[in-house]
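Report on the following structure.
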Amino acid sequence: MIEKRPFAGLGGADHGWLKAKHHFSFANYYDPKRMGWGALRVWNDDEIAANSGFPPHPHADMEIITYVREGAITHKDSLGNEGRTEAGDVQVMSAGSGIRHAEYNLESDTTRIFQIWIEPDRAGGPPAWGAKPFPKGDRAGKFVTLASGLPGDDEALPIRTPARVAGATIKAGETTEYALDPGRHAYLVAATGALEVNGVRLDARDGAAITGETGLRVTALEDSEVVLVDAA
């Protein structure tokens, strides 16, 4: 089963400095039919104006993955971690027993990110943060694991949940595949371009909620960038 979720139909908010679209219920957007997808709880499509951002605020018991689509995001947290994550790269924060952090766009142009929250498989534990570059050339025509709590994904950023976040860049006319356990929940978003997923068309920033499938066949109709969560 693949349920297309068009970008135009997503909930959202415009705070001036932040333009956000929510694939699932978040903040003041509430849809009882979209409270999450398996362990995936949040997928926000955020546009953050230059020289603005989220002031320090707390999190606990959540795996928070930030995929930078354009620009860069600068992170500071209560553990003393600081880092700047650029377009195409990924950062992960395991909130654990509790952490405060701030996220700023200190660039001269708009920064665009996907922020993904996945529920951990256990509560508590020491909080942690990490970031890693994932050159788009390294994932040309194939899915590359960006963050994972699954066995064997040793090159990815670690998360504390049996889930995987993967990305691919696919040129127009090319096809790539991803094997799925039909009992799991996958969620795929076309970050850019246009593509077909098992025959279902997605345009830029559309989402697809997927379950009951043994695999995904992703064909790019235009040069496309894809992000996928494979969760319990």
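So you can find residues: chains in the structure tokens are A, B, ... in the order shown, residues in each start at 1, and ligands are numbered from 1 in order.
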Distance query Ile73 in chain A at most 8 Å, only C-alpha atoms, self and fewer than 5 positions along chain excluded, as a list in words: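 Surrounding residues, per the criterion: Val68, Arg84, Thr85, Glu86, Glu103, Tyr104, Asn105, Leu106 and Thr111 of chain A.
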Report as a list of chain:residue names all protein, DNA and RNA residues lying within 7 Å of Lys171 in chain A, evaluated on only C-alpha atoms, omitting residues in the same chain fewer than 4 positions from it.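 In the requested form, the answer reads A:Ala220, A:Glu222, A:Asp223, A:Ser224.
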Which residues are near Asp206 in chain A? Cut-off 10 Å, only C-alpha atoms, ignore same chain within fewer than 5 positions. Put them as a ChimeraX atom specification. /A:4-10,23,188-192,194,201
Using only C-alpha atoms, which protein or nucleic acid residues come within 6 Å of Ile48 in chain A? Drop anything in the same chain fewer than 6 positions from it, and give the result as JSON, numbers by chain. {"A": [17, 18, 110, 111]}
Range 152-169 of chain A: which residues within 9 Å, counting only C-alpha atoms, same-chain residues fewer than 4 positions away excluded, as a ChimeraX atom specification? /A:39-40,62-65,90-94,118-122,130-132,136-148,176,223-232
Give me every helix (DSSP H, G or I) residue in range 19-226 of chain A, going by DSSP on the backbone, as a ChimeraX atom specification. /A:136-139
Deliver the residues from the most recent selection as a file, using C-alpha atoms, as a PDB file, in the first residue's frame.
```
ATOM      1  CA  LYS A 136      25.579  13.372  -3.259  1.00  0.00           C
ATOM      2  CA  GLY A 137      27.959  11.782  -5.759  1.00  0.00           C
ATOM      3  CA  ASP A 138      28.408   8.830  -3.406  1.00  0.00           C
ATOM      4  CA  ARG A 139      24.689   8.077  -3.539  1.00  0.00           C
TER       5      ARG A 139
END
```
Non-local contacts of Gly80 in chain A (12 Å; only C-alpha atoms; under 3 positions in same chain excluded) as an mmCIF file with N, CA and C atoms, in the first residue's frame:
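Generated file (around.cif):
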```cif
data_model
loop_
_atom_site.group_PDB
_atom_site.id
_atom_site.type_symbol
_atom_site.label_atom_id
_atom_site.label_comp_id
_atom_site.auth_asym_id
_atom_site.auth_seq_id
_atom_site.Cartn_x
_atom_site.Cartn_y
_atom_site.Cartn_z
ATOM 1 N N HIS A 75 24.400 24.230 14.875
ATOM 2 C CA HIS A 75 23.856 23.583 16.072
ATOM 3 C C HIS A 75 24.699 23.943 17.286
ATOM 4 N N LYS A 76 24.027 24.207 18.430
ATOM 5 C CA LYS A 76 24.686 24.356 19.724
ATOM 6 C C LYS A 76 23.810 23.667 20.758
ATOM 7 N N ASP A 77 24.426 22.933 21.696
ATOM 8 C CA ASP A 77 23.608 22.242 22.689
ATOM 9 C C ASP A 77 24.221 22.316 24.083
ATOM 10 N N GLY A 83 28.316 22.713 15.817
ATOM 11 C CA GLY A 83 28.647 22.246 14.477
ATOM 12 C C GLY A 83 27.805 22.926 13.427
ATOM 13 N N ILE A 99 18.087 17.095 26.747
ATOM 14 C CA ILE A 99 19.111 17.964 26.193
ATOM 15 C C ILE A 99 18.439 19.265 25.763
ATOM 16 N N ARG A 100 19.178 20.362 25.844
ATOM 17 C CA ARG A 100 18.734 21.634 25.275
ATOM 18 C C ARG A 100 19.619 21.950 24.089
ATOM 19 N N HIS A 101 18.993 22.446 23.015
ATOM 20 C CA HIS A 101 19.806 22.808 21.851
ATOM 21 C C HIS A 101 19.178 23.994 21.127
ATOM 22 N N ALA A 102 19.995 24.600 20.300
ATOM 23 C CA ALA A 102 19.560 25.696 19.442
ATOM 24 C C ALA A 102 20.002 25.387 18.017
ATOM 25 N N PRO A 127 22.236 11.787 26.449
ATOM 26 C CA PRO A 127 22.024 12.443 25.158
ATOM 27 C C PRO A 127 23.317 12.482 24.348
ATOM 28 N N ALA A 128 23.163 12.606 23.033
ATOM 29 C CA ALA A 128 24.325 12.615 22.145
ATOM 30 C C ALA A 128 23.992 13.375 20.874
ATOM 31 N N TRP A 129 25.043 13.847 20.194
ATOM 32 C CA TRP A 129 24.886 14.569 18.925
ATOM 33 C C TRP A 129 26.025 14.179 17.987
#
```
Per DSSP on the backbone, filter range 101-186 of chain A down to the residues in strand (DSSP E or B) and report them as a ChimeraX atom specification. /A:101-105,111-118,128-132,140,144-148,157-158,164-170,175-179,185-186
Considering only C-alpha atoms, state which residue in the set A:His22, A:Arg205, A:Trp117, A:Glu213 is at the smallest distance from Gly38 in chain A.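 When distances to Gly38 in chain A are compared using only C-alpha atoms, the smallest one comes from A:Trp117.
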Shortest contact to Arg112 in chain A, candidates A:Tyr178, A:Tyr30, A:Phe24, A:Tyr67, atoms counted only C-alpha atoms, goes to A:Tyr67
Calculate how many Å separate CA of Gly124 in chain A from CA of Val42 in chain A, rounding to one decimal.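 So the answer is 19.4 Å.
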Counting only C-alpha atoms, what is within 7 Å of Val197 in chain A, bar same-chain residues fewer than 2 positions away, as a PDB file with all heavy atoms, in the first residue's frame?
```
ATOM      1  N   LEU A 195       9.266  11.752  -9.531  1.00  0.00           N
ATOM      2  CA  LEU A 195       9.609  10.334  -9.643  1.00  0.00           C
ATOM      3  C   LEU A 195       8.360   9.482  -9.506  1.00  0.00           C
ATOM      4  O   LEU A 195       7.285   9.963  -9.168  1.00  0.00           O
ATOM      5  CB  LEU A 195      10.652   9.951  -8.588  1.00  0.00           C
ATOM      6  CG  LEU A 195      10.415  10.414  -7.152  1.00  0.00           C
ATOM      7  CD1 LEU A 195       9.588   9.411  -6.387  1.00  0.00           C
ATOM      8  CD2 LEU A 195      11.746  10.638  -6.441  1.00  0.00           C
ATOM      9  N   GLY A 199       5.081   2.859  -9.363  1.00  0.00           N
ATOM     10  CA  GLY A 199       4.055   3.368 -10.256  1.00  0.00           C
ATOM     11  C   GLY A 199       3.290   4.572  -9.760  1.00  0.00           C
ATOM     12  O   GLY A 199       2.481   5.144 -10.502  1.00  0.00           O
ATOM     13  N   VAL A 200       3.518   5.006  -8.507  1.00  0.00           N
ATOM     14  CA  VAL A 200       2.842   6.178  -7.949  1.00  0.00           C
ATOM     15  C   VAL A 200       3.729   7.405  -8.145  1.00  0.00           C
ATOM     16  O   VAL A 200       4.878   7.415  -7.704  1.00  0.00           O
ATOM     17  CB  VAL A 200       2.529   5.978  -6.459  1.00  0.00           C
ATOM     18  CG1 VAL A 200       1.897   7.232  -5.870  1.00  0.00           C
ATOM     19  CG2 VAL A 200       1.624   4.768  -6.257  1.00  0.00           C
ATOM     20  N   ARG A 201       3.207   8.416  -8.802  1.00  0.00           N
ATOM     21  CA  ARG A 201       4.002   9.617  -9.071  1.00  0.00           C
ATOM     22  C   ARG A 201       4.085  10.521  -7.848  1.00  0.00           C
ATOM     23  O   ARG A 201       3.076  10.783  -7.175  1.00  0.00           O
ATOM     24  CB  ARG A 201       3.406  10.406 -10.242  1.00  0.00           C
ATOM     25  CG  ARG A 201       4.218  11.681 -10.540  1.00  0.00           C
ATOM     26  CD  ARG A 201       3.668  12.492 -11.673  1.00  0.00           C
ATOM     27  NE  ARG A 201       4.400  13.747 -11.809  1.00  0.00           N
ATOM     28  CZ  ARG A 201       5.064  14.130 -12.897  1.00  0.00           C
ATOM     29  NH1 ARG A 201       5.095  13.340 -13.957  1.00  0.00           N
ATOM     30  NH2 ARG A 201       5.687  15.287 -12.925  1.00  0.00           N
ATOM     31  N   LEU A 216      10.699  -1.321  -3.059  1.00  0.00           N
ATOM     32  CA  LEU A 216      10.363  -0.089  -3.768  1.00  0.00           C
ATOM     33  C   LEU A 216      11.179  -0.014  -5.051  1.00  0.00           C
ATOM     34  O   LEU A 216      12.397  -0.245  -5.040  1.00  0.00           O
ATOM     35  CB  LEU A 216      10.656   1.129  -2.896  1.00  0.00           C
ATOM     36  CG  LEU A 216       9.941   1.207  -1.553  1.00  0.00           C
ATOM     37  CD1 LEU A 216      10.377   2.446  -0.795  1.00  0.00           C
ATOM     38  CD2 LEU A 216       8.424   1.190  -1.739  1.00  0.00           C
ATOM     39  N   ARG A 217      10.507   0.312  -6.130  1.00  0.00           N
ATOM     40  CA  ARG A 217      11.163   0.571  -7.404  1.00  0.00           C
ATOM     41  C   ARG A 217      10.960   2.056  -7.703  1.00  0.00           C
ATOM     42  O   ARG A 217       9.824   2.491  -7.952  1.00  0.00           O
ATOM     43  CB  ARG A 217      10.566  -0.302  -8.503  1.00  0.00           C
ATOM     44  CG  ARG A 217      11.241  -0.141  -9.867  1.00  0.00           C
ATOM     45  CD  ARG A 217      10.677  -1.147 -10.861  1.00  0.00           C
ATOM     46  NE  ARG A 217      11.194  -0.917 -12.196  1.00  0.00           N
ATOM     47  CZ  ARG A 217      12.346  -1.380 -12.646  1.00  0.00           C
ATOM     48  NH1 ARG A 217      13.117  -2.110 -11.846  1.00  0.00           N
ATOM     49  NH2 ARG A 217      12.743  -1.124 -13.886  1.00  0.00           N
ATOM     50  N   VAL A 218      12.040   2.807  -7.623  1.00  0.00           N
ATOM     51  CA  VAL A 218      11.972   4.263  -7.717  1.00  0.00           C
ATOM     52  C   VAL A 218      12.576   4.695  -9.045  1.00  0.00           C
ATOM     53  O   VAL A 218      13.773   4.474  -9.296  1.00  0.00           O
ATOM     54  CB  VAL A 218      12.713   4.929  -6.546  1.00  0.00           C
ATOM     55  CG1 VAL A 218      12.580   6.439  -6.618  1.00  0.00           C
ATOM     56  CG2 VAL A 218      12.182   4.414  -5.215  1.00  0.00           C
ATOM     57  N   THR A 219      11.762   5.294  -9.896  1.00  0.00           N
ATOM     58  CA  THR A 219      12.197   5.755 -11.214  1.00  0.00           C
ATOM     59  C   THR A 219      12.100   7.276 -11.266  1.00  0.00           C
ATOM     60  O   THR A 219      11.036   7.842 -10.973  1.00  0.00           O
ATOM     61  CB  THR A 219      11.328   5.144 -12.330  1.00  0.00           C
ATOM     62  OG1 THR A 219      11.450   3.717 -12.290  1.00  0.00           O
ATOM     63  CG2 THR A 219      11.763   5.653 -13.696  1.00  0.00           C
TER      64      THR A 219
END
```
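Considering the residues A:Leu150, A:Ser97, A:Ile170, A:Trp37 and counting only C-alpha atoms, Ala60 in chain A has its shortest atom-to-atom contact with A:Ser97.
Nearest residue to Asp89 in chain A among A:Pro133, A:Gly183, A:Gly215, A:Gly193 is A:Pro133, counting only C-alpha atoms.
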To one decimal place in Å, what is the distance between CA of Tyr187 in chain A and CA of Ala27 in chain A?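 Spanning CA of Tyr187 in chain A to CA of Ala27 in chain A is a straight-line distance of 20.4 Å.
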